[in-house]
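Asks: Input structure: input36.cif, which contains mmCIF, C-alpha atoms.
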data_model
loop_
_atom_site.label_atom_id
_atom_site.label_comp_id
_atom_site.auth_asym_id
_atom_site.auth_seq_id
_atom_site.Cartn_x
_atom_site.Cartn_y
_atom_site.Cartn_z
CA MET A 1 -35.09 92.92 134.21
CA ASP A 2 -33.94 96.41 133.29
CA THR A 3 -33.96 97.71 129.77
CA ALA A 4 -30.52 97.56 128.19
CA LEU A 5 -29.00 100.14 125.90
CA SER A 6 -28.96 99.00 122.30
CA HIS A 7 -25.42 100.37 121.83
CA HIS A 8 -22.11 100.30 123.66
CA THR A 9 -20.28 103.54 122.78
CA ARG A 10 -21.00 107.20 122.43
CA SER A 11 -21.77 108.52 118.95
CA ALA A 12 -18.17 109.39 118.06
CA VAL A 13 -15.77 106.45 117.78
CA THR A 14 -12.04 106.85 117.07
CA PRO A 15 -10.40 105.15 114.08
CA ASP A 16 -7.79 103.56 116.39
CA ASP A 17 -10.44 101.84 118.49
CA THR A 18 -12.19 100.72 115.33
CA ALA A 19 -9.03 99.26 113.78
CA ARG A 20 -8.63 96.88 116.70
CA LEU A 21 -12.25 95.80 116.45
CA ALA A 22 -12.02 95.43 112.66
CA ALA A 23 -9.05 93.10 113.03
CA ARG A 24 -11.18 90.78 115.14
CA ILE A 25 -14.06 90.97 112.66
CA GLU A 26 -11.65 90.15 109.82
CA GLN A 27 -10.50 87.03 111.65
CA ARG A 28 -14.12 85.96 112.11
CA LEU A 29 -14.93 86.52 108.43
CA ARG A 30 -11.88 84.55 107.30
CA ALA A 31 -12.91 81.65 109.52
CA ALA A 32 -16.57 81.67 108.43
CA ASP A 33 -17.89 78.60 106.61
CA ARG A 34 -20.25 80.67 104.49
CA LEU A 35 -20.58 84.34 103.59
CA LEU A 36 -23.17 86.11 101.47
CA LEU A 37 -20.51 87.78 99.34
CA PRO A 38 -17.03 86.58 98.39
CA LEU A 39 -14.53 87.07 101.20
CA ASP A 40 -12.54 89.73 99.36
CA GLU A 41 -15.71 91.81 98.84
CA GLU A 42 -16.71 91.57 102.50
CA LEU A 43 -13.20 92.51 103.61
CA GLN A 44 -13.38 95.52 101.30
CA LEU A 45 -16.69 96.54 102.86
CA LEU A 46 -15.16 96.10 106.32
CA SER A 47 -12.31 98.40 105.30
CA GLU A 48 -14.69 101.00 103.87
CA LEU A 49 -16.90 100.99 106.98
CA GLN A 50 -13.89 102.21 108.96
CA GLU A 51 -13.58 105.31 106.77
CA PHE A 52 -16.64 107.25 107.97
CA ASP A 53 -18.21 108.06 111.33
CA LEU A 54 -21.48 106.22 110.76
CA GLY A 55 -19.65 103.11 109.61
CA ARG A 56 -17.36 103.11 112.65
CA PHE A 57 -20.32 103.48 115.00
CA LEU A 58 -22.10 100.57 113.33
CA LEU A 59 -19.03 98.37 113.61
CA HIS A 60 -18.97 98.92 117.37
CA ASN A 61 -22.71 98.82 118.02
CA GLU A 62 -24.42 96.79 115.27
CA GLY A 63 -27.20 99.39 115.12
CA LEU A 64 -28.12 103.05 115.53
CA ASN A 65 -28.40 105.26 118.61
CA GLY A 66 -30.40 108.47 118.87
CA TYR A 67 -27.77 110.63 117.17
CA TRP A 68 -27.27 108.34 114.19
CA THR A 69 -30.97 107.62 113.85
CA SER A 70 -31.53 111.37 113.55
CA TYR A 71 -28.71 111.54 111.00
CA VAL A 72 -30.34 108.85 108.85
CA PHE A 73 -33.82 110.39 109.20
CA GLY A 74 -32.56 113.81 108.25
CA HIS A 75 -30.57 112.87 105.15
CA GLN A 76 -31.75 114.59 101.97
CA PRO A 77 -30.71 114.02 98.34
CA GLY A 78 -27.57 115.99 97.65
CA ASP A 79 -26.44 116.19 101.27
CA PRO A 80 -22.68 115.74 101.62
CA VAL A 81 -21.42 112.31 102.61
CA ALA A 82 -17.97 111.09 103.62
CA THR A 83 -17.67 108.13 101.23
CA GLU A 84 -19.52 106.35 98.45
CA LEU A 85 -20.40 103.51 100.82
CA GLU A 86 -22.05 105.99 103.17
CA ARG A 87 -23.98 107.43 100.20
CA TRP A 88 -25.13 103.93 99.26
CA MET A 89 -26.23 103.15 102.83
CA LEU A 90 -28.23 106.38 103.08
CA THR A 91 -29.90 106.04 99.68
CA ARG A 92 -30.04 102.39 98.54
CA SER A 93 -29.86 100.09 101.59
CA LEU A 94 -32.78 99.37 103.93
CA LEU A 95 -32.11 102.60 105.83
CA PRO A 96 -34.21 104.81 103.49
CA GLY A 97 -37.21 102.70 104.47
CA ILE A 98 -36.99 103.72 108.11
CA ARG A 99 -36.62 107.34 106.96
CA GLU A 100 -39.90 107.04 105.05
CA ARG A 101 -41.57 105.46 108.08
CA PHE A 102 -40.35 108.37 110.21
CA GLY A 103 -42.12 110.71 107.79
CA ARG A 104 -45.36 108.82 108.37
CA PHE A 105 -44.83 109.11 112.12
CA LYS A 106 -44.56 112.88 111.79
CA ALA A 107 -47.69 113.05 109.62
CA ALA A 108 -49.65 110.96 112.14
CA ILE A 109 -48.50 113.18 115.03
CA ALA A 110 -49.54 116.44 113.37
CA PRO A 111 -53.31 116.21 114.15
CA SER A 112 -52.45 116.03 117.87
CA VAL A 113 -50.62 119.37 117.78
CA THR A 114 -53.40 121.43 119.38
CA ASP A 115 -53.72 123.95 122.20
CA GLY A 116 -52.82 122.41 125.56
CA ALA A 117 -51.71 119.09 124.06
CA VAL A 118 -49.26 116.89 125.97
CA LEU A 119 -47.12 114.86 123.55
CA ALA A 120 -44.54 112.26 124.61
CA SER A 121 -41.80 110.37 122.76
CA VAL A 122 -40.36 107.15 124.24
CA PRO A 123 -37.53 106.49 123.57
CA CYS A 124 -37.09 110.02 122.35
CA GLY A 125 -33.61 109.90 120.81
CA LEU A 126 -33.16 113.48 119.58
CA MET A 127 -36.98 113.80 119.62
CA ASP A 128 -37.17 114.87 115.99
CA ASP A 129 -40.65 113.33 115.73
CA LEU A 130 -42.07 115.98 118.07
CA LEU A 131 -39.61 118.83 117.58
CA GLN A 132 -40.16 118.94 113.82
CA GLN A 133 -43.87 119.71 114.23
CA ASP A 134 -45.30 123.22 113.77
CA TYR A 135 -46.28 124.83 117.09
CA ARG A 136 -46.51 128.44 115.91
CA ASP A 137 -50.30 128.69 116.21
CA THR A 138 -50.69 126.72 119.45
CA THR A 139 -50.53 127.58 123.13
CA GLY A 140 -49.93 125.52 126.24
CA VAL A 141 -48.30 122.58 124.47
CA ARG A 142 -46.08 120.32 126.59
CA LEU A 143 -43.51 117.95 125.06
CA ILE A 144 -42.03 115.05 127.06
CA GLY A 145 -38.98 113.07 126.00
CA VAL A 146 -37.78 109.93 127.79
CA ASP A 147 -34.72 107.88 126.85
CA ILE A 148 -32.48 105.50 128.75
CA ASP A 149 -29.42 106.94 126.96
CA PRO A 150 -28.11 110.11 128.66
CA GLU A 151 -26.29 111.22 125.49
CA SER A 152 -29.53 111.11 123.49
CA VAL A 153 -31.33 113.15 126.16
CA ASP A 154 -28.56 115.77 126.16
CA LEU A 155 -28.71 116.00 122.37
CA ALA A 156 -32.51 116.22 122.45
CA ARG A 157 -32.24 119.21 124.80
CA GLU A 158 -29.81 120.86 122.37
CA ASN A 159 -32.15 120.06 119.48
CA ALA A 160 -35.08 121.67 121.31
CA ALA A 161 -33.03 124.77 122.11
CA GLU A 162 -31.86 125.14 118.50
CA ARG A 163 -35.49 124.99 117.33
CA GLY A 164 -36.62 127.53 119.93
CA LEU A 165 -38.82 124.97 121.66
CA ALA A 166 -36.93 124.41 124.90
CA GLU A 167 -39.64 126.08 127.00
CA LEU A 168 -42.18 123.51 125.81
CA CYS A 169 -40.02 120.52 126.69
CA GLU A 170 -39.10 118.33 129.59
CA PHE A 171 -36.66 115.46 129.29
CA HIS A 172 -35.98 112.47 131.49
CA VAL A 173 -33.29 109.80 131.50
CA GLY A 174 -35.37 106.74 132.27
CA ASP A 175 -36.56 103.25 131.46
CA ALA A 176 -39.56 102.98 129.14
CA TRP A 177 -40.91 100.20 131.36
CA ARG A 178 -40.93 102.58 134.34
CA LEU A 179 -42.45 105.78 133.02
CA ASP A 180 -43.50 108.22 135.69
CA LEU A 181 -46.56 109.37 133.72
CA ASP A 182 -50.15 108.80 134.80
CA ALA A 183 -52.93 109.69 132.33
CA GLU A 184 -50.98 112.79 131.22
CA ALA A 185 -50.30 112.42 127.48
CA ASP A 186 -52.68 113.05 124.62
CA LEU A 187 -50.26 111.18 122.36
CA LEU A 188 -47.26 108.92 122.92
CA THR A 189 -44.99 107.85 120.09
CA SER A 190 -42.54 104.93 120.18
CA ASN A 191 -40.45 104.12 117.12
CA GLY A 192 -38.20 101.06 117.20
CA LEU A 193 -38.00 100.11 120.87
CA ASN A 194 -40.01 96.89 120.67
CA MET A 195 -37.55 95.32 118.21
CA TYR A 196 -35.07 95.00 121.08
CA GLU A 197 -37.38 92.95 123.33
CA SER A 198 -38.04 89.28 122.56
CA ASP A 199 -40.38 88.42 125.45
CA PRO A 200 -44.06 88.93 124.47
CA GLU A 201 -45.06 89.37 128.11
CA ARG A 202 -42.49 92.11 128.54
CA LEU A 203 -43.94 93.80 125.46
CA VAL A 204 -47.43 93.69 126.94
CA GLU A 205 -45.96 95.22 130.09
CA LEU A 206 -44.36 97.97 127.99
CA TYR A 207 -47.62 98.72 126.18
CA ARG A 208 -49.53 98.68 129.47
CA ASN A 209 -47.11 101.31 130.76
CA PHE A 210 -47.69 103.36 127.60
CA ALA A 211 -51.46 103.06 128.12
CA ARG A 212 -51.06 104.24 131.71
CA ALA A 213 -49.22 107.32 130.48
CA LEU A 214 -52.09 108.25 128.13
CA ARG A 215 -55.27 109.99 129.14
CA PRO A 216 -58.49 108.13 128.21
CA GLY A 217 -58.86 108.54 124.47
CA GLY A 218 -55.17 109.33 124.06
CA ARG A 219 -53.32 107.86 121.08
CA LEU A 220 -50.26 105.61 120.84
CA LEU A 221 -48.16 105.43 117.67
CA VAL A 222 -45.86 102.40 117.70
CA SER A 223 -43.81 100.80 114.94
CA PHE A 224 -43.48 97.05 114.62
CA ILE A 225 -41.57 94.71 112.31
CA PRO A 226 -43.28 91.63 110.85
CA ALA A 227 -41.02 88.71 109.96
CA PRO A 228 -39.37 89.58 106.63
CA PRO A 229 -39.57 87.28 103.61
CA ALA A 230 -36.73 84.92 102.79
CA PRO A 231 -34.14 86.62 100.57
CA PRO A 232 -34.48 85.81 96.86
CA TRP A 233 -31.26 83.76 96.82
CA ALA A 234 -32.44 81.47 99.66
CA GLU A 235 -34.19 78.15 99.00
CA ALA A 236 -37.51 79.55 100.23
CA GLY A 237 -37.02 82.93 98.59
CA ARG A 238 -39.03 84.21 95.67
CA PRO A 239 -38.34 86.97 93.15
CA GLY A 240 -39.81 90.30 94.21
CA GLY A 241 -40.43 89.24 97.80
CA TRP A 242 -38.55 92.26 99.08
CA ALA A 243 -39.96 94.74 96.56
CA LYS A 244 -42.29 96.28 99.14
CA TYR A 245 -39.23 97.36 101.11
CA GLY A 246 -38.04 99.43 98.16
CA ILE A 247 -34.71 97.66 97.70
CA GLN A 248 -33.22 95.90 94.70
CA ASP A 249 -31.97 92.33 95.09
CA ALA A 250 -28.30 93.28 94.62
CA ASP A 251 -28.60 96.04 97.21
CA LEU A 252 -30.39 93.67 99.60
CA LEU A 253 -27.52 91.18 99.27
CA ARG A 254 -25.01 93.91 100.10
CA ASP A 255 -27.16 95.19 102.98
CA MET A 256 -27.43 91.72 104.49
CA ALA A 257 -23.70 91.12 104.05
CA ILE A 258 -22.98 94.31 106.01
CA PHE A 259 -25.59 93.98 108.74
CA GLY A 260 -25.46 90.17 108.90
CA ASP A 261 -22.00 88.84 108.11
CA ILE A 262 -19.95 91.88 109.16
CA LEU A 263 -21.93 93.62 111.90
CA GLN A 264 -23.94 90.60 113.09
CA ALA A 265 -26.85 92.87 113.98
CA LYS A 266 -29.44 90.94 115.93
CA TYR A 267 -33.10 91.93 115.69
CA LEU A 268 -34.72 90.33 118.70
CA ASN A 269 -38.38 90.64 117.83
CA PHE A 270 -40.52 90.24 114.73
CA THR A 271 -44.23 90.84 115.36
CA GLY A 272 -47.16 90.33 113.02
CA GLU A 273 -50.21 92.59 112.93
CA GLN A 274 -52.51 90.17 114.73
CA GLU A 275 -49.93 89.63 117.45
CA ILE A 276 -49.41 93.32 118.16
CA ARG A 277 -53.17 93.91 118.08
CA SER A 278 -53.53 91.24 120.75
CA GLN A 279 -50.68 92.62 122.84
CA LEU A 280 -52.04 96.16 122.68
CA SER A 281 -55.55 94.95 123.53
CA ARG A 282 -54.24 93.19 126.63
CA ALA A 283 -52.61 96.48 127.60
CA GLY A 284 -55.91 98.39 127.37
CA LEU A 285 -55.35 99.84 123.90
CA VAL A 286 -57.52 99.49 120.80
CA VAL A 287 -55.86 99.59 117.38
CA THR A 288 -57.74 102.01 115.13
CA ASP A 289 -55.43 101.93 112.11
CA VAL A 290 -52.22 100.44 110.75
CA SER A 291 -50.18 102.70 108.49
CA ARG A 292 -47.86 101.14 105.89
CA ASN A 293 -45.76 102.49 103.09
CA ALA A 294 -47.12 102.62 99.54
CA ARG A 295 -45.97 99.03 98.95
CA GLY A 296 -47.51 97.68 102.16
CA ALA A 297 -44.43 97.43 104.42
CA LEU A 298 -42.93 99.08 107.51
CA PRO A 299 -46.13 99.32 109.58
CA ILE A 300 -47.08 101.73 112.35
CA ALA A 301 -49.93 100.75 114.68
CA ILE A 302 -52.18 103.58 115.83
CA ALA A 303 -54.03 102.71 119.02
CA VAL A 304 -56.27 104.49 121.51
CA ARG A 305 -56.51 104.06 125.26
CA SER A 306 -59.91 102.51 125.76
CA ASN A 307 -60.73 103.86 129.25
#
Once more with this new file: its structure as structure tokens, please.
Replies:
Amino acid sequence: MDTALSHHTRSAVTPDDTARLAARIEQRLRAADRLLLPLDEELQLLSELQEFDLGRFLLHNEGLNGYWTSYVFGHQPGDPVATELERWMLTRSLLPGIRERFGRFKAAIAPSVTDGAVLASVPCGLMDDLLQQDYRDTTGVRLIGVDIDPESVDLARENAAERGLAELCEFHVGDAWRLDLDAEADLLTSNGLNMYESDPERLVELYRNFARALRPGGRLLVSFIPAPPAPPWAEAGRPGGWAKYGIQDADLLRDMAIFGDILQAKYLNFTGEQEIRSQLSRAGLVVTDVSRNARGALPIAIAVRSN
């Protein structure tokens, strides 16, 4: 089975195309037996999502591609936004959490930026994780980006050129399960891909392919998402259960209304720490550390090829 793209359009989506889609979503919301927010509030959110580029892309794709992931990662306080809903999404939804995790990815990559290092990013998106490192005092570094999305690869090339790093880079449009790398990389980073694969055996196959790409002793950085707690308003929920994700209950309710009721985003894989340790071990990788945010959430496994 080939890897599928997690999105269905290019990064720019026209308002006319979105209006037709929004009409269908409105019909679905009106027919729903239960919604997290009152219908009029969800219809207002649906209307506001059509007013900015990120919102329109999410309506069509239920998630982020390389371009919009880079946009979310790069947002800084005070940066201009199109609407107040976009400001809320970038600063108070669950999206700031993945921005913080991206910062920990960059920090974990930095020790591998040494003379002659070969660093790979799969899927690379715009390859900000590698391109935002400091290579000024190094020589012979080689950066490899692989993504199944041709648009992301084109934008990664532009990103590398803008940063003056094009000569260090090579990019490939390709399937992460079919990497053409054999014991080449000192480090391989993979942020978010495994959430789109529900078959544990396929995940072991993916990690085995990552291990094959690493030289003996090479490091893998891979994010994973444990099953989240029940929301506080659910029967099994408890107050403060989501505090480690850095989101207030009212914002969580709005986030889930957008990504659940309106967008119907489907996360295919939740993996606990013991499970990913087992999967990586079967692939020939030994977990040496698990990085989490200050509250203990949004983990990154750091593993080493054992032979």
Asks: Tell me, in Å to one decimal, how far atom CA of A:Arg87 is from atom CA of A:Asp261.
Replies: 20.3 Å
Asks: Just how far from atom CA of A:Pro96 is atom CA of A:Ala236, in Å to one decimal?
Replies: 25.7 Å
Asks: I need the residue set behind the PyMOL selection byres ((chain A and resi 211) around 9) for this file; please write it as a list in words.
Replies: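 Those residues are Asp182, Ala183, Leu188, Leu206, Tyr207, Arg208, Asn209, Phe210, Arg212, Ala213, Leu214, Arg215, Pro216, Gly218, Arg219, Leu220, Leu280, Ala283, Gly284, Leu285, Val304, Arg305 and Ser306 of chain A.
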Asks: Around all the atoms of stretch 123-137 of chain A listed in the file, with 5 Å of room on each side, what axis-aligned box do you get, giving centre and edge lengths in Å to one decimal, as JSON?
Replies:
{"center_x": -41.7, "center_y": 117.6, "center_z": 118.7, "size_x": 27.1, "size_y": 32.2, "size_z": 19.8}
Asks: With all atoms listed in the file counted, which protein, DNA or RNA residues have an atom no more than 10 Å from (-16.2, 109.7, 117.0) in the file frame? Please answer as a list in words.
Replies: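 Selection result: Thr9, Arg10, Ser11, Ala12, Val13, Thr14, Pro15, Asp17, Thr18, Phe52, Asp53, Leu54, Arg56 and Phe57 of chain A.
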Asks: Using the chain letters and numbering of this document, enumerate as an MDAnalysis selection string the residues selected by the PyMOL selection byres ((chain A and resi 76) around 12).
Replies: chainID A and resid 71:75 77:81 87 90:91 96 99:100
Asks: What would the selection look like, as a list in words, if the PyMOL selection byres ((chain A and resi 272) around 8) were run on the coordinates I just shared?
Replies: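 Given this file, the PyMOL selection byres ((chain A and resi 272) around 8) evaluates to Phe224, Ile225, Pro226, Ala227, Phe270, Thr271, Glu273, Gln274, Glu275 and Ile276 of chain A.
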Asks: Hey, can you spit out that residue selection with C-alpha atoms as an mmCIF file, keeping the file's coordinate frame?
Replies:
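The file below, selection-v4.cif, is the result:
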data_model
loop_
_atom_site.group_PDB
_atom_site.id
_atom_site.type_symbol
_atom_site.label_atom_id
_atom_site.label_comp_id
_atom_site.auth_asym_id
_atom_site.auth_seq_id
_atom_site.Cartn_x
_atom_site.Cartn_y
_atom_site.Cartn_z
ATOM 1 C CA PHE A 224 -43.480 97.050 114.620
ATOM 2 C CA ILE A 225 -41.570 94.710 112.310
ATOM 3 C CA PRO A 226 -43.280 91.630 110.850
ATOM 4 C CA ALA A 227 -41.020 88.710 109.960
ATOM 5 C CA PHE A 270 -40.520 90.240 114.730
ATOM 6 C CA THR A 271 -44.230 90.840 115.360
ATOM 7 C CA GLU A 273 -50.210 92.590 112.930
ATOM 8 C CA GLN A 274 -52.510 90.170 114.730
ATOM 9 C CA GLU A 275 -49.930 89.630 117.450
ATOM 10 C CA ILE A 276 -49.410 93.320 118.160
#
Asks: Please list, as an mmCIF file with C-alpha atoms, keeping the file's coordinate frame, the residues that have an atom at most 12 Å away from (-47.6, 102.4, 97.5) in the coordinates of this file, counting all atoms listed in the file.
Replies:
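Full text of result-v7.cif as output:
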data_model
loop_
_atom_site.group_PDB
_atom_site.id
_atom_site.type_symbol
_atom_site.label_atom_id
_atom_site.label_comp_id
_atom_site.auth_asym_id
_atom_site.auth_seq_id
_atom_site.Cartn_x
_atom_site.Cartn_y
_atom_site.Cartn_z
ATOM 1 C CA GLU A 100 -39.900 107.040 105.050
ATOM 2 C CA ALA A 243 -39.960 94.740 96.560
ATOM 3 C CA LYS A 244 -42.290 96.280 99.140
ATOM 4 C CA TYR A 245 -39.230 97.360 101.110
ATOM 5 C CA GLY A 246 -38.040 99.430 98.160
ATOM 6 C CA SER A 291 -50.180 102.700 108.490
ATOM 7 C CA ARG A 292 -47.860 101.140 105.890
ATOM 8 C CA ASN A 293 -45.760 102.490 103.090
ATOM 9 C CA ALA A 294 -47.120 102.620 99.540
ATOM 10 C CA ARG A 295 -45.970 99.030 98.950
ATOM 11 C CA GLY A 296 -47.510 97.680 102.160
ATOM 12 C CA ALA A 297 -44.430 97.430 104.420
ATOM 13 C CA LEU A 298 -42.930 99.080 107.510
#
Asks: Could you jot down the atom CA of A:Ile247 to atom CA of A:Gly97 separation for me, Å, one decimal place?
Replies: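 Atom CA of A:Ile247 sits 8.8 Å away from atom CA of A:Gly97.
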Asks: Applying 7 Å and only C-alpha atoms, which residues near A:Pro123 remain after dropping the ones on its own chain fewer than 3 positions away? List them as a list in words.
Replies: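 What passes the distance filter is Val146, Asp147, Ala176, Ser190 and Leu193 of chain A.
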Asks: Calculated over only C-alpha atoms, which of the candidates A:Pro228, A:Asp115, A:Arg34, A:Ile262 has the smallest distance to A:Ala22?
Replies: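 Closest candidate: A:Ile262.
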Asks: Please, could N, CA, C and O atoms be added to stretch 215-234 of chain A and the result written as a short mmCIF file (atom, residue, chain, number, x, y, z; two decimals), in the coordinates of the input?
Replies:
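Here's the written file rebuild.cif:
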data_model
loop_
_atom_site.label_atom_id
_atom_site.label_comp_id
_atom_site.auth_asym_id
_atom_site.auth_seq_id
_atom_site.Cartn_x
_atom_site.Cartn_y
_atom_site.Cartn_z
N ARG A 215 -53.94 109.71 128.61
CA ARG A 215 -55.27 109.99 129.14
C ARG A 215 -56.28 109.11 128.41
O ARG A 215 -56.00 108.62 127.30
N PRO A 216 -57.46 108.87 128.96
CA PRO A 216 -58.49 108.13 128.21
C PRO A 216 -58.76 108.79 126.86
O PRO A 216 -58.95 110.01 126.78
N GLY A 217 -58.71 108.01 125.82
CA GLY A 217 -58.86 108.54 124.47
C GLY A 217 -57.56 108.98 123.84
O GLY A 217 -57.54 109.33 122.65
N GLY A 218 -56.46 108.97 124.60
CA GLY A 218 -55.17 109.33 124.06
C GLY A 218 -54.66 108.30 123.07
O GLY A 218 -55.05 107.13 123.12
N ARG A 219 -53.78 108.73 122.16
CA ARG A 219 -53.32 107.86 121.08
C ARG A 219 -51.88 107.40 121.30
O ARG A 219 -51.04 108.17 121.78
N LEU A 220 -51.61 106.16 120.89
CA LEU A 220 -50.26 105.61 120.84
C LEU A 220 -49.90 105.34 119.39
O LEU A 220 -50.69 104.73 118.65
N LEU A 221 -48.73 105.79 118.97
CA LEU A 221 -48.16 105.43 117.67
C LEU A 221 -46.96 104.55 117.93
O LEU A 221 -46.00 104.98 118.59
N VAL A 222 -46.97 103.32 117.43
CA VAL A 222 -45.86 102.40 117.70
C VAL A 222 -45.53 101.61 116.43
O VAL A 222 -46.40 101.05 115.78
N SER A 223 -44.24 101.59 116.07
CA SER A 223 -43.81 100.80 114.94
C SER A 223 -43.70 99.34 115.35
O SER A 223 -43.55 99.01 116.53
N PHE A 224 -43.77 98.46 114.38
CA PHE A 224 -43.48 97.05 114.62
C PHE A 224 -42.95 96.43 113.33
O PHE A 224 -43.17 96.97 112.24
N ILE A 225 -42.24 95.33 113.46
CA ILE A 225 -41.57 94.71 112.31
C ILE A 225 -42.06 93.29 112.14
O ILE A 225 -41.69 92.40 112.92
N PRO A 226 -42.90 93.03 111.14
CA PRO A 226 -43.28 91.63 110.85
C PRO A 226 -42.06 90.85 110.35
O PRO A 226 -41.08 91.44 109.87
N ALA A 227 -42.12 89.54 110.47
CA ALA A 227 -41.02 88.71 109.96
C ALA A 227 -40.83 88.98 108.47
O ALA A 227 -41.77 88.92 107.70
N PRO A 228 -39.61 89.28 108.05
CA PRO A 228 -39.37 89.58 106.63
C PRO A 228 -39.41 88.31 105.79
O PRO A 228 -39.24 87.20 106.30
N PRO A 229 -39.60 88.46 104.48
CA PRO A 229 -39.57 87.28 103.61
C PRO A 229 -38.16 86.73 103.50
O PRO A 229 -37.17 87.42 103.81
N ALA A 230 -38.06 85.48 103.07
CA ALA A 230 -36.73 84.92 102.79
C ALA A 230 -36.10 85.70 101.64
O ALA A 230 -36.79 86.13 100.71
N PRO A 231 -34.79 85.90 101.67
CA PRO A 231 -34.14 86.62 100.57
C PRO A 231 -34.26 85.82 99.27
O PRO A 231 -34.40 84.59 99.30
N PRO A 232 -34.22 86.49 98.14
CA PRO A 232 -34.48 85.81 96.86
C PRO A 232 -33.47 84.72 96.53
O PRO A 232 -33.78 83.82 95.75
N TRP A 233 -32.27 84.78 97.11
CA TRP A 233 -31.26 83.76 96.82
C TRP A 233 -31.38 82.53 97.74
O TRP A 233 -30.70 81.53 97.53
N ALA A 234 -32.24 82.59 98.75
CA ALA A 234 -32.44 81.47 99.66
C ALA A 234 -33.38 80.45 99.03
O ALA A 234 -34.14 80.75 98.11
#
